[in-house]
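**Q** Provided below: coords_10.csv, containing CSV, C-alpha atoms and all ligand atoms.
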chain,number,residue,atom,x,y,z
A,300,MET,CA,-24.1,42.0,-18.0
A,301,TRP,CA,-25.2,39.9,-15.1
A,302,GLN,CA,-22.5,37.7,-13.7
A,303,SER,CA,-22.9,34.9,-11.1
A,304,VAL,CA,-20.4,35.0,-8.2
A,305,ILE,CA,-19.0,31.5,-7.7
A,306,PRO,CA,-17.3,31.2,-4.3
A,307,THR,CA,-13.9,29.7,-4.8
A,308,PRO,CA,-12.6,28.0,-1.7
A,309,GLU,CA,-9.1,28.9,-0.7
A,310,LEU,CA,-6.7,26.0,-1.1
A,311,THR,CA,-4.0,25.4,1.5
A,312,GLU,CA,-1.2,23.4,0.0
A,313,GLN,CA,1.1,21.6,2.4
A,314,ASN,CA,4.0,19.1,2.8
A,315,GLY,CA,3.9,17.9,-0.9
A,316,SER,CA,7.5,16.8,-1.9
A,317,LYS,CA,8.4,15.1,-5.1
A,318,THR,CA,11.9,14.3,-3.6
A,319,ARG,CA,10.4,12.6,-0.5
A,320,ASP,CA,7.9,10.7,-2.7
A,321,LEU,CA,10.7,9.5,-5.0
A,322,ALA,CA,12.9,8.4,-2.1
A,323,GLU,CA,9.9,6.4,-0.7
A,324,ILE,CA,9.2,4.8,-4.1
A,325,LEU,CA,12.9,3.7,-4.6
A,326,GLN,CA,13.1,2.4,-1.0
A,327,GLY,CA,10.0,0.3,-1.6
A,328,LEU,CA,11.3,-1.2,-4.8
A,329,ARG,CA,14.7,-2.0,-3.3
A,330,GLN,CA,12.8,-4.1,-0.7
A,331,SER,CA,12.1,-7.8,-1.0
A,332,PRO,CA,9.2,-8.4,-1.6
A,333,LYS,CA,8.8,-5.1,-3.5
A,334,VAL,CA,6.2,-2.6,-2.2
A,335,LEU,CA,4.7,0.7,-3.2
A,336,SER,CA,2.5,2.9,-1.0
A,337,PRO,CA,-1.3,3.0,-2.0
A,338,LYS,CA,-1.1,6.8,-1.6
A,339,PHE,CA,0.6,6.8,-5.1
A,340,PHE,CA,-2.7,5.5,-6.6
A,341,TYR,CA,-4.3,8.9,-6.4
A,342,ASP,CA,-3.3,11.2,-9.3
A,343,ASP,CA,-6.3,12.6,-11.1
A,344,LEU,CA,-7.0,9.5,-13.2
A,345,GLY,CA,-6.5,7.3,-10.0
A,346,SER,CA,-9.1,9.3,-8.2
A,347,GLN,CA,-11.5,9.0,-11.1
A,348,LEU,CA,-10.9,5.2,-11.3
A,349,PHE,CA,-11.6,5.0,-7.5
A,350,GLU,CA,-14.9,6.8,-8.1
A,351,LYS,CA,-15.8,4.1,-10.7
A,352,ILE,CA,-14.9,1.4,-8.2
A,353,THR,CA,-17.3,2.8,-5.6
A,354,GLU,CA,-20.1,2.2,-8.2
A,355,LEU,CA,-19.3,-1.4,-9.0
A,356,PRO,CA,-21.8,-4.0,-8.0
A,357,GLU,CA,-19.0,-6.1,-6.3
A,358,TYR,CA,-17.6,-3.2,-4.3
A,359,TYR,CA,-20.1,-3.3,-1.4
A,360,LEU,CA,-18.2,-0.9,0.8
A,361,THR,CA,-19.4,2.5,-0.4
A,362,ARG,CA,-23.1,1.8,-0.9
A,363,THR,CA,-23.2,0.0,2.5
A,364,GLU,CA,-21.6,2.9,4.3
A,365,LEU,CA,-23.9,5.3,2.5
A,366,SER,CA,-26.9,3.3,3.6
A,367,ILE,CA,-25.7,3.3,7.2
A,368,MET,CA,-25.1,7.1,7.1
A,369,ARG,CA,-28.6,7.8,5.6
A,370,LYS,CA,-30.3,5.5,8.1
A,371,HIS,CA,-28.6,7.0,11.2
A,372,ILE,CA,-27.9,10.5,10.3
A,373,GLY,CA,-30.4,11.9,12.8
A,374,GLU,CA,-28.7,10.2,15.7
A,375,ILE,CA,-25.2,11.1,14.3
A,376,ALA,CA,-26.1,14.8,13.9
A,377,GLY,CA,-27.5,14.7,17.5
A,378,LEU,CA,-24.3,13.3,18.9
A,379,ILE,CA,-22.1,15.8,17.0
A,380,GLY,CA,-24.3,18.8,18.0
A,381,PRO,CA,-24.2,22.4,16.7
A,382,HIS,CA,-21.3,24.6,15.5
A,383,ALA,CA,-18.8,21.9,14.9
A,384,SER,CA,-15.9,22.0,12.5
A,385,LEU,CA,-15.8,18.9,10.3
A,386,ILE,CA,-12.3,17.8,9.3
A,387,GLU,CA,-12.2,15.0,6.7
A,388,PHE,CA,-9.1,12.8,6.1
A,389,GLY,CA,-8.9,11.4,2.5
A,390,SER,CA,-12.1,13.2,1.4
A,391,GLY,CA,-12.0,12.2,-2.3
A,392,SER,CA,-15.3,13.4,-3.9
A,393,SER,CA,-16.9,14.0,-0.5
A,394,VAL,CA,-19.9,12.0,-1.5
A,395,LYS,CA,-20.7,10.6,2.0
A,396,THR,CA,-19.9,14.0,3.5
A,397,ARG,CA,-22.9,15.6,1.7
A,398,ILE,CA,-25.2,13.7,4.1
A,399,LEU,CA,-23.4,15.3,7.0
A,400,LEU,CA,-23.3,18.8,5.4
A,401,GLU,CA,-27.1,18.5,4.8
A,402,HIS,CA,-27.9,17.5,8.4
A,403,LEU,CA,-25.4,18.9,10.8
A,404,ASP,CA,-26.6,21.9,12.8
A,405,ARG,CA,-24.9,25.2,11.8
A,406,LEU,CA,-21.6,23.7,10.8
A,407,ALA,CA,-18.7,26.2,11.5
A,408,ALA,CA,-16.5,24.9,8.7
A,409,TYR,CA,-15.7,21.9,6.5
A,410,VAL,CA,-12.0,21.1,6.1
A,411,PRO,CA,-11.4,18.3,3.5
A,412,VAL,CA,-7.8,17.0,3.5
A,413,ASP,CA,-6.6,15.0,0.5
A,414,ILE,CA,-3.4,14.2,-1.4
A,415,SER,CA,-5.1,14.3,-4.8
A,416,ARG,CA,-4.9,18.0,-5.4
A,417,ASP,CA,-6.9,18.7,-8.5
A,418,HIS,CA,-9.6,16.2,-7.5
A,419,LEU,CA,-9.8,17.9,-4.1
A,420,VAL,CA,-10.1,21.4,-5.6
A,421,ALA,CA,-12.9,20.3,-8.0
A,422,ALA,CA,-14.8,18.6,-5.1
A,423,ALA,CA,-14.4,21.7,-2.8
A,424,GLU,CA,-15.6,24.0,-5.5
A,425,ALA,CA,-18.7,21.9,-6.1
A,426,LEU,CA,-19.4,21.8,-2.3
A,427,ALA,CA,-19.0,25.5,-1.9
A,428,LEU,CA,-21.6,26.0,-4.6
A,429,GLU,CA,-24.0,23.5,-3.1
A,430,PHE,CA,-23.5,24.7,0.5
A,431,PRO,CA,-22.8,28.4,0.2
A,432,HIS,CA,-23.5,28.9,3.9
A,433,ILE,CA,-20.7,26.6,5.0
A,434,GLU,CA,-17.0,27.7,4.9
A,435,VAL,CA,-15.1,25.1,2.9
A,436,LEU,CA,-11.3,25.1,3.5
A,437,PRO,CA,-9.6,22.4,1.4
A,438,VAL,CA,-6.1,21.2,2.4
A,439,ALA,CA,-3.9,19.5,-0.2
A,440,ALA,CA,-1.6,17.4,2.0
A,441,ASP,CA,-0.2,14.0,2.7
A,442,PHE,CA,-1.8,13.3,6.1
A,443,THR,CA,0.9,10.8,7.0
A,444,GLN,CA,3.3,13.8,7.2
A,445,PRO,CA,3.0,16.7,9.6
A,446,PHE,CA,0.5,19.4,8.4
A,447,ASP,CA,-1.4,22.3,9.8
A,448,LEU,CA,-5.1,23.0,9.5
A,449,PRO,CA,-6.5,26.4,8.5
A,450,GLN,CA,-8.4,28.4,11.0
A,451,PRO,CA,-12.2,28.8,10.3
A,452,ARG,CA,-13.7,32.3,10.3
A,453,VAL,CA,-16.3,31.2,12.9
A,454,MET,CA,-14.8,29.6,16.1
A,455,PRO,CA,-16.1,26.0,16.2
A,456,LEU,CA,-17.6,24.5,19.4
A,457,ARG,CA,-15.8,21.3,18.7
A,458,ASN,CA,-13.8,19.4,16.0
A,459,ILE,CA,-15.1,16.3,14.5
A,460,VAL,CA,-12.6,14.2,12.5
A,461,TYR,CA,-14.3,12.3,9.7
A,462,PHE,CA,-12.5,9.3,8.2
A,463,PRO,CA,-15.0,7.3,6.0
A,464,GLY,CA,-14.4,4.6,3.4
A,465,SER,CA,-12.4,2.3,5.6
A,466,THR,CA,-9.3,4.1,4.4
A,467,ILE,CA,-7.9,3.3,7.8
A,468,GLY,CA,-7.6,-0.3,6.5
A,469,ASN,CA,-5.0,0.8,4.0
A,470,PHE,CA,-2.5,1.3,6.8
A,471,MET,CA,-0.5,-1.3,8.6
A,472,PRO,CA,-1.7,-1.7,12.2
A,473,GLY,CA,1.2,0.4,13.6
A,474,ALA,CA,0.7,3.2,11.0
A,475,ALA,CA,-3.1,3.0,11.5
A,476,GLN,CA,-2.7,3.6,15.2
A,477,ALA,CA,-0.3,6.5,14.6
A,478,LEU,CA,-2.8,8.0,12.2
A,479,LEU,CA,-5.6,7.7,14.8
A,480,GLU,CA,-3.2,9.4,17.3
A,481,VAL,CA,-2.9,12.4,14.8
A,482,MET,CA,-6.7,12.4,14.6
A,483,TYR,CA,-6.9,12.4,18.4
A,484,GLN,CA,-4.7,15.5,18.4
A,485,GLU,CA,-6.7,17.2,15.7
A,486,ALA,CA,-10.0,16.5,17.5
A,487,LYS,CA,-8.7,18.5,20.5
A,488,GLU,CA,-10.6,18.6,23.8
A,489,ASP,CA,-14.3,17.7,23.4
A,490,GLY,CA,-13.7,16.5,19.9
A,491,ALA,CA,-14.7,13.2,18.3
A,492,LEU,CA,-13.9,10.8,15.5
A,493,LEU,CA,-16.5,9.5,13.0
A,494,ILE,CA,-14.9,6.6,11.1
A,495,GLY,CA,-15.9,4.0,8.5
A,496,VAL,CA,-14.4,0.6,9.3
A,497,ASP,CA,-14.9,-2.4,7.0
A,498,LEU,CA,-15.4,-5.7,8.9
A,499,LYS,CA,-14.0,-9.2,8.6
A,500,LYS,CA,-16.3,-11.4,6.5
A,501,ASP,CA,-16.5,-14.3,4.1
A,502,LYS,CA,-13.4,-14.4,1.9
A,503,ALA,CA,-15.4,-14.9,-1.3
A,504,ILE,CA,-17.3,-11.6,-0.8
A,505,LEU,CA,-14.0,-9.8,-0.1
A,506,GLU,CA,-12.1,-11.2,-3.1
A,507,ARG,CA,-15.0,-10.4,-5.4
A,508,ALA,CA,-14.9,-6.7,-4.2
A,509,TYR,CA,-11.3,-6.4,-5.3
A,510,ASN,CA,-11.5,-8.5,-8.5
A,511,ASP,CA,-14.5,-6.9,-10.3
A,512,SER,CA,-15.7,-8.4,-13.5
A,513,ALA,CA,-15.4,-5.1,-15.4
A,514,GLY,CA,-11.7,-4.9,-14.6
A,515,VAL,CA,-11.8,-1.4,-13.1
A,516,THR,CA,-9.8,-2.4,-10.0
A,517,ALA,CA,-7.1,-3.8,-12.3
A,518,ARG,CA,-6.9,-0.5,-14.2
A,519,PHE,CA,-6.8,1.3,-10.8
A,520,ASN,CA,-3.9,-0.9,-9.7
A,521,LEU,CA,-2.0,-0.6,-13.0
A,522,ASN,CA,-2.5,3.1,-13.1
A,523,MET,CA,0.1,3.4,-10.4
A,524,LEU,CA,2.8,2.3,-12.8
A,525,LYS,CA,1.5,4.7,-15.4
A,526,ARG,CA,1.8,7.5,-12.8
A,527,LEU,CA,5.4,6.4,-12.0
A,528,ASN,CA,6.2,6.6,-15.7
A,529,ASN,CA,4.7,10.1,-16.0
A,530,GLU,CA,5.9,11.7,-12.8
A,531,PHE,CA,9.0,9.7,-11.7
A,532,SER,CA,10.9,9.0,-14.9
A,533,ALA,CA,10.0,5.3,-14.8
A,534,ASN,CA,9.7,3.0,-17.9
A,535,PHE,CA,7.2,0.3,-16.7
A,536,ASP,CA,5.6,-1.6,-19.6
A,537,LEU,CA,2.0,-2.0,-18.3
A,538,SER,CA,1.4,-4.9,-20.7
A,539,LYS,CA,3.9,-7.0,-18.7
A,540,PHE,CA,2.1,-6.7,-15.4
A,541,ALA,CA,-1.2,-8.3,-14.1
A,542,HIS,CA,-3.5,-7.3,-11.3
A,543,ARG,CA,-3.9,-9.7,-8.3
A,544,ALA,CA,-6.0,-9.3,-5.2
A,545,ALA,CA,-6.3,-12.0,-2.6
A,546,TYR,CA,-7.5,-12.2,1.1
A,547,ARG,CA,-5.1,-13.4,3.7
A,548,THR,CA,-7.2,-14.6,6.6
A,549,SER,CA,-4.3,-14.0,9.0
A,550,PRO,CA,-3.8,-11.1,9.6
A,551,GLY,CA,-7.2,-10.4,7.9
A,552,ARG,CA,-6.4,-8.2,4.9
A,553,ILE,CA,-6.9,-8.0,1.1
A,554,GLU,CA,-3.5,-7.6,-0.5
A,555,MET,CA,-3.3,-6.1,-4.0
A,556,HIS,CA,-0.2,-6.9,-6.1
A,557,LEU,CA,1.1,-6.2,-9.6
A,558,VAL,CA,2.5,-9.5,-10.9
A,559,SER,CA,5.4,-9.4,-13.4
A,560,THR,CA,4.3,-11.7,-16.3
A,561,CYS,CA,8.0,-12.2,-17.4
A,562,GLY,CA,11.5,-11.6,-16.3
A,563,GLN,CA,12.2,-7.9,-16.8
A,564,THR,CA,14.3,-4.9,-15.8
A,565,VAL,CA,12.6,-1.6,-15.1
A,566,SER,CA,14.2,1.7,-14.4
A,567,VAL,CA,12.9,4.4,-12.1
A,568,ALA,CA,14.7,7.8,-12.0
A,569,GLY,CA,17.8,6.1,-13.4
A,570,GLU,CA,17.9,3.2,-11.0
A,571,ASP,CA,17.3,-0.4,-12.4
A,572,PHE,CA,15.1,-3.0,-10.7
A,573,HIS,CA,14.9,-6.6,-11.8
A,574,LEU,CA,11.7,-8.5,-11.5
A,575,GLY,CA,11.5,-12.3,-12.1
A,576,GLU,CA,8.6,-13.9,-13.8
A,577,GLY,CA,5.8,-14.1,-11.2
A,578,GLU,CA,7.5,-11.7,-8.8
A,579,THR,CA,5.1,-9.1,-7.5
A,580,ILE,CA,5.0,-5.5,-6.3
A,581,ARG,CA,2.5,-5.1,-3.4
A,582,THR,CA,0.6,-1.9,-3.9
A,583,GLU,CA,-2.1,-2.0,-1.2
A,584,CYS,CA,-3.3,-3.8,1.9
A,585,SER,CA,-6.9,-3.4,2.9
A,586,HIS,CA,-7.2,-4.5,6.5
A,587,LYS,CA,-10.6,-5.8,7.8
A,588,TYR,CA,-11.4,-5.6,11.5
A,589,THR,CA,-13.7,-7.2,14.0
A,590,LEU,CA,-15.4,-4.6,16.3
A,591,GLU,CA,-13.2,-5.8,19.1
A,592,GLU,CA,-10.0,-5.4,17.1
A,593,PHE,CA,-10.9,-1.9,16.0
A,594,ALA,CA,-12.0,-0.8,19.5
A,595,GLU,CA,-8.6,-2.0,20.9
A,596,MET,CA,-6.6,0.0,18.3
A,597,ALA,CA,-8.8,3.1,18.9
A,598,ARG,CA,-8.3,2.7,22.7
A,599,ARG,CA,-4.5,2.6,22.2
A,600,ALA,CA,-4.8,5.9,20.3
A,601,GLY,CA,-6.8,7.5,23.1
A,602,PHE,CA,-10.4,7.0,21.8
A,603,VAL,CA,-13.3,5.1,23.3
A,604,VAL,CA,-15.9,3.8,20.9
A,605,HIS,CA,-19.2,5.4,21.9
A,606,THR,CA,-21.6,4.1,19.2
A,607,VAL,CA,-21.3,1.6,16.4
A,608,TRP,CA,-23.8,1.5,13.5
A,609,MET,CA,-23.9,-1.4,11.1
A,610,ASP,CA,-25.9,-2.6,8.1
A,611,PRO,CA,-28.2,-5.6,8.7
A,612,GLY,CA,-25.7,-8.0,7.1
A,613,GLY,CA,-22.9,-6.8,9.4
A,614,LEU,CA,-20.6,-6.0,6.4
A,615,PHE,CA,-19.5,-2.5,7.4
A,616,SER,CA,-19.5,-0.2,10.4
A,617,VAL,CA,-19.6,3.5,11.1
A,618,GLN,CA,-18.2,4.3,14.5
A,619,TYR,CA,-18.4,7.4,16.7
A,620,CYS,CA,-15.4,7.6,19.0
A,621,LEU,CA,-14.8,10.0,21.9
A,622,ARG,CA,-11.5,11.1,23.3
A,623,GLU,CA,-11.0,9.1,26.5
B,1,LIG,N1,-13.4,9.2,1.6
B,1,LIG,C1,-13.7,8.8,0.3
B,1,LIG,C2,-12.5,8.5,-0.6
B,1,LIG,C3,-11.7,7.2,-0.1
B,1,LIG,S1,-10.4,6.8,-1.3
B,1,LIG,C4,-14.7,7.7,0.4
B,1,LIG,O1,-14.9,7.2,1.5
B,1,LIG,O2,-15.2,7.2,-0.7
B,1,LIG,C5,-9.0,7.3,-0.3
B,1,LIG,C6,-8.8,8.8,-0.4
B,1,LIG,O3,-7.7,9.1,0.5
B,1,LIG,C7,-8.4,9.3,-1.8
B,1,LIG,O4,-9.2,10.4,-2.1
B,1,LIG,C8,-6.9,9.6,-1.7
B,1,LIG,O5,-6.5,10.6,-2.5
B,1,LIG,C9,-6.8,9.9,-0.2
B,1,LIG,N2,-5.5,9.6,0.4
B,1,LIG,C10,-4.9,8.4,0.4
B,1,LIG,N3,-3.7,8.5,1.0
B,1,LIG,C11,-3.6,9.8,1.5
B,1,LIG,C12,-2.6,10.5,2.2
B,1,LIG,N4,-1.5,9.8,2.6
B,1,LIG,N5,-2.8,11.8,2.5
B,1,LIG,C13,-3.9,12.4,2.1
B,1,LIG,N6,-4.9,11.8,1.4
B,1,LIG,C14,-4.7,10.5,1.1
B,2,LIG,C1,-9.6,3.7,-0.3
B,2,LIG,N1,-9.6,2.3,0.2
B,2,LIG,C2,-10.4,2.1,1.4
B,2,LIG,C3,-10.0,1.4,-0.9
B,2,LIG,C4,-10.1,-0.1,-0.3
B,2,LIG,O1,-11.1,-0.7,-0.4
B,2,LIG,O2,-9.1,-0.5,0.3
B,2,LIG,C5,-9.1,1.4,-2.1
B,2,LIG,C6,-9.4,0.3,-3.1
B,2,LIG,N2,-8.5,-0.5,-3.5
B,2,LIG,C7,-9.1,-1.3,-4.4
B,2,LIG,N3,-10.4,-1.0,-4.4
B,2,LIG,C8,-10.6,0.0,-3.6
Transcribe the structure of this file into structure tokens.

**A**
Amino acid sequence: MWQSVIPTPELTEQNGSKTRDLAEILQGLRQSPKVLSPKFFYDDLGSQLFEKITELPEYYLTRTELSIMRKHIGEIAGLIGPHASLIEFGSGSSVKTRILLEHLDRLAAYVPVDISRDHLVAAAEALALEFPHIEVLPVAADFTQPFDLPQPRVMPLRNIVYFPGSTIGNFMPGAAQALLEVMYQEAKEDGALLIGVDLKKDKAILERAYNDSAGVTARFNLNMLKRLNNEFSANFDLSKFAHRAAYRTSPGRIEMHLVSTCGQTVSVAGEDFHLGEGETIRTECSHKYTLEEFAEMARRAGFVVHTVWMDPGGLFSVQYCLRE
């Protein structure tokens, strides 16, 4: 009987540690005000909910970045040149990447790096089917911790680090610069960074994007507690928390919180935490930059911004940065 041969990309798993994650969660909940890292959003359901967010009418980021990529892909592919290795941080479903994979000249390899393991594997398998001529080398890793990249079969001419979605905005300025420094190292000599950066704009547009009328962002936010219940022996009652997202003009970021709707005590891995009525756990910051602010941060990490593409409304930017 005829059987089709489906190429299965080989997964590299690195630096995942439940003990380290739990220590980080407990440390965040002991703080005042309480915080949890946005990286804990992304279990399988969290990744699916994020995909739903990208399709919401209020969430302008994804469709705007896609439109910029489609409009300027010729110029982007020209700047990147042939035989590059494309290394993507926080690849998710690799939707925007498909535009690059379709247009880059004889790509040596595509290396998606993501913390959401099963979602990454599914995306990598789909890509390997769609682009059988490109070596796909998925890496399941927390990119805020040290990790190694697999070696492609074909020696690339240069490394291009791709970081779309404005995920850079989810890091505090110091951590964002540290991450750009890691990317600088991964780009190696002659390498470059292609990055999506969301821009400062009217507060009402921003707050709508993180408070959608269908309530998907609220489910995404609350899912973090469900994940803590499932994986870290927590006992959060989701009905006692509400989603809140608001823009703080200074320092220029959306903050997402989970608001305790009553006084309550929750337990995580045997440790109790008290929350007063109205007390919040901050789950995410989404920093918005001006072009100047981002250029300055990139410069401190060793990059010089070479080209910036924006949509006509100036909502979002895609930036090509070279090692200085
Ligand atoms: N690049 C995609 C997805 C953005 S969502 C886009 O532009 O639409 C953010 C992605 O980063 C998720 O897939 C999430 O799993 C991943 N991520 C978040 N924190 C991470 C970390 N510390 N290490 C690795 N991946 C991370
Ligand atoms: C992945 N990241 C850039 C998204 C953002 O806009 O900060 C995550 C998100 N949070 C709420 N909606 C989307």

**Q** If you count all atoms listed in the file, which residues end up within 6 Å of ligand LIG 2 (chain B), as number ranges by chain?

**A** A: 464-466, 469, 509, 516, 585

**Q** Measure the distance from atom CA of Gly612 of chain A to atom CA of Arg547 of chain A in Å and round it to one decimal.

**A**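 A separation of 21.6 Å between them.
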
**Q** Quick one: distance from atom CA of Lys370 of chain A to atom N3 of ligand LIG 1 (chain B) in Å, one decimal?

**A** 27.7 Å

**Q** Pick out the residues no farther than 7 Å from ligand LIG 1 (chain B), counting all atoms listed in the file, and list them as a count of residues only.

**A** 28

**Q** Would you mind reading off the distance between atom CA of Asp447 of chain A and atom CA of Arg397 of chain A, one decimal, in Å?

**A**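 If I compute the distance from atom CA of Asp447 of chain A to atom CA of Arg397 of chain A, I get 23.9 Å.
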
**Q** Smallest atom-to-atom distance to Glu424 of chain A: which of A:His556, A:Pro308, A:Gly601, A:Lys351, using all atoms listed in the file?

**A**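 So, comparing all the options, the nearest one is A:Pro308.
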
**Q** Counting only C-alpha atoms, which residue out of A:Arg319, A:Ala508, A:Thr311, A:Met555 sits closest to Leu521 of chain A?

**A**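 That would be A:Met555, the residue with the smallest distance to Leu521 of chain A.
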
**Q** From the options A:Gly473, A:Gly495, A:Gly490, A:Pro550, which residue's atoms come nearest to Val617 of chain A, counting all atoms listed in the file?

**A**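 Under the stated criterion, the closest residue is A:Gly495.
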
**Q** Within 10 Å of Glu578 of chain A, counting only C-alpha atoms, which residues qualify if same-chain residues fewer than 2 places away don't, as number ranges by chain?

**A** A: 331-333, 540, 556-562, 573-576, 580-581

**Q** Ranking A:Asn522, A:Arg552, A:Val567, A:Arg416 by minimum distance to Ser538 of chain A and counting only C-alpha atoms, which one comes first?

**A**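 Looking at the shortest contact to Ser538 of chain A, the residue is A:Asn522.
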
**Q** Rank nothing, just name the residue among A:Leu403, A:Met368, A:Leu419, A:Ala541 nearest to Asp343 of chain A, using all atoms listed in the file.

**A**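 Of the candidates, the smallest distance to Asp343 of chain A is held by A:Leu419.
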
**Q** Pick from A:Asp497, A:Asp320, A:Glu591, A:Glu570: nearest to Gln444 of chain A, with all atoms listed in the file counted?

**A**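 Of A:Asp497, A:Asp320, A:Glu591, A:Glu570, the one nearest Gln444 of chain A, counting all atoms listed in the file, is A:Asp320.
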
**Q** Distance cut-off 12 Å, centre (-22.5, 11.2, 14.0) in file coordinates, counting all atoms listed in the file: which residues qualify? Return them as an MDAnalysis selection string.

**A** chainID A and resid 367:381 383 385 396 398:400 402:404 459:463 490:495 605:608 617:621

**Q** Since the input lacks atoms, please generate all heavy atoms for segment 550-556 of chain A and provide them as a PDB file, keeping the file's coordinate frame.

**A**
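For reference, result.pdb as written:
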ATOM      1  N   PRO A 550      -3.200 -11.873   8.521  1.00  0.00           N
ATOM      2  CA  PRO A 550      -3.800 -11.100   9.600  1.00  0.00           C
ATOM      3  C   PRO A 550      -5.177 -10.478   9.267  1.00  0.00           C
ATOM      4  O   PRO A 550      -5.647  -9.624  10.015  1.00  0.00           O
ATOM      5  CB  PRO A 550      -2.772  -9.945   9.734  1.00  0.00           C
ATOM      6  CG  PRO A 550      -2.215  -9.759   8.355  1.00  0.00           C
ATOM      7  CD  PRO A 550      -2.296 -11.084   7.669  1.00  0.00           C
ATOM      8  N   GLY A 551      -5.820 -10.883   8.183  1.00  0.00           N
ATOM      9  CA  GLY A 551      -7.200 -10.400   7.900  1.00  0.00           C
ATOM     10  C   GLY A 551      -7.084  -9.142   6.962  1.00  0.00           C
ATOM     11  O   GLY A 551      -7.491  -8.056   7.340  1.00  0.00           O
ATOM     12  N   ARG A 552      -6.520  -9.365   5.779  1.00  0.00           N
ATOM     13  CA  ARG A 552      -6.400  -8.200   4.900  1.00  0.00           C
ATOM     14  C   ARG A 552      -6.430  -8.689   3.400  1.00  0.00           C
ATOM     15  O   ARG A 552      -5.922  -9.765   3.080  1.00  0.00           O
ATOM     16  CB  ARG A 552      -5.188  -7.395   5.127  1.00  0.00           C
ATOM     17  CG  ARG A 552      -3.890  -8.097   4.813  1.00  0.00           C
ATOM     18  CD  ARG A 552      -2.700  -7.233   5.199  1.00  0.00           C
ATOM     19  NE  ARG A 552      -1.449  -7.828   4.783  1.00  0.00           N
ATOM     20  CZ  ARG A 552      -0.300  -7.718   5.464  1.00  0.00           C
ATOM     21  NH1 ARG A 552      -0.273  -7.045   6.595  1.00  0.00           N
ATOM     22  NH2 ARG A 552       0.795  -8.262   5.005  1.00  0.00           N
ATOM     23  N   ILE A 553      -7.028  -7.841   2.553  1.00  0.00           N
ATOM     24  CA  ILE A 553      -6.900  -8.000   1.100  1.00  0.00           C
ATOM     25  C   ILE A 553      -5.504  -7.448   0.760  1.00  0.00           C
ATOM     26  O   ILE A 553      -5.136  -6.368   1.225  1.00  0.00           O
ATOM     27  CB  ILE A 553      -7.960  -7.217   0.344  1.00  0.00           C
ATOM     28  CG1 ILE A 553      -9.328  -7.894   0.441  1.00  0.00           C
ATOM     29  CG2 ILE A 553      -7.560  -6.993  -1.111  1.00  0.00           C
ATOM     30  CD1 ILE A 553      -9.532  -9.077  -0.506  1.00  0.00           C
ATOM     31  N   GLU A 554      -4.743  -8.185  -0.036  1.00  0.00           N
ATOM     32  CA  GLU A 554      -3.500  -7.600  -0.500  1.00  0.00           C
ATOM     33  C   GLU A 554      -3.607  -7.481  -2.053  1.00  0.00           C
ATOM     34  O   GLU A 554      -4.011  -8.420  -2.746  1.00  0.00           O
ATOM     35  CB  GLU A 554      -2.325  -8.605  -0.249  1.00  0.00           C
ATOM     36  CG  GLU A 554      -1.842  -8.526   1.165  1.00  0.00           C
ATOM     37  CD  GLU A 554      -0.532  -9.283   1.387  1.00  0.00           C
ATOM     38  OE1 GLU A 554       0.108  -9.691   0.388  1.00  0.00           O
ATOM     39  OE2 GLU A 554      -0.175  -9.460   2.561  1.00  0.00           O
ATOM     40  N   MET A 555      -3.290  -6.310  -2.548  1.00  0.00           N
ATOM     41  CA  MET A 555      -3.300  -6.100  -4.000  1.00  0.00           C
ATOM     42  C   MET A 555      -1.817  -6.077  -4.455  1.00  0.00           C
ATOM     43  O   MET A 555      -0.977  -5.419  -3.844  1.00  0.00           O
ATOM     44  CB  MET A 555      -3.932  -4.776  -4.377  1.00  0.00           C
ATOM     45  CG  MET A 555      -5.433  -4.830  -4.283  1.00  0.00           C
ATOM     46  SD  MET A 555      -6.362  -3.795  -5.428  1.00  0.00           S
ATOM     47  CE  MET A 555      -5.469  -2.284  -5.513  1.00  0.00           C
ATOM     48  N   HIS A 556      -1.581  -6.797  -5.534  1.00  0.00           N
ATOM     49  CA  HIS A 556      -0.200  -6.900  -6.100  1.00  0.00           C
ATOM     50  C   HIS A 556      -0.267  -6.614  -7.594  1.00  0.00           C
ATOM     51  O   HIS A 556      -1.308  -6.805  -8.251  1.00  0.00           O
ATOM     52  CB  HIS A 556       0.345  -8.293  -5.894  1.00  0.00           C
ATOM     53  CG  HIS A 556       0.620  -8.662  -4.471  1.00  0.00           C
ATOM     54  ND1 HIS A 556       1.884  -8.738  -3.954  1.00  0.00           N
ATOM     55  CD2 HIS A 556      -0.220  -8.968  -3.444  1.00  0.00           C
ATOM     56  CE1 HIS A 556       1.838  -9.082  -2.673  1.00  0.00           C
ATOM     57  NE2 HIS A 556       0.553  -9.237  -2.337  1.00  0.00           N
TER      58      HIS A 556
END
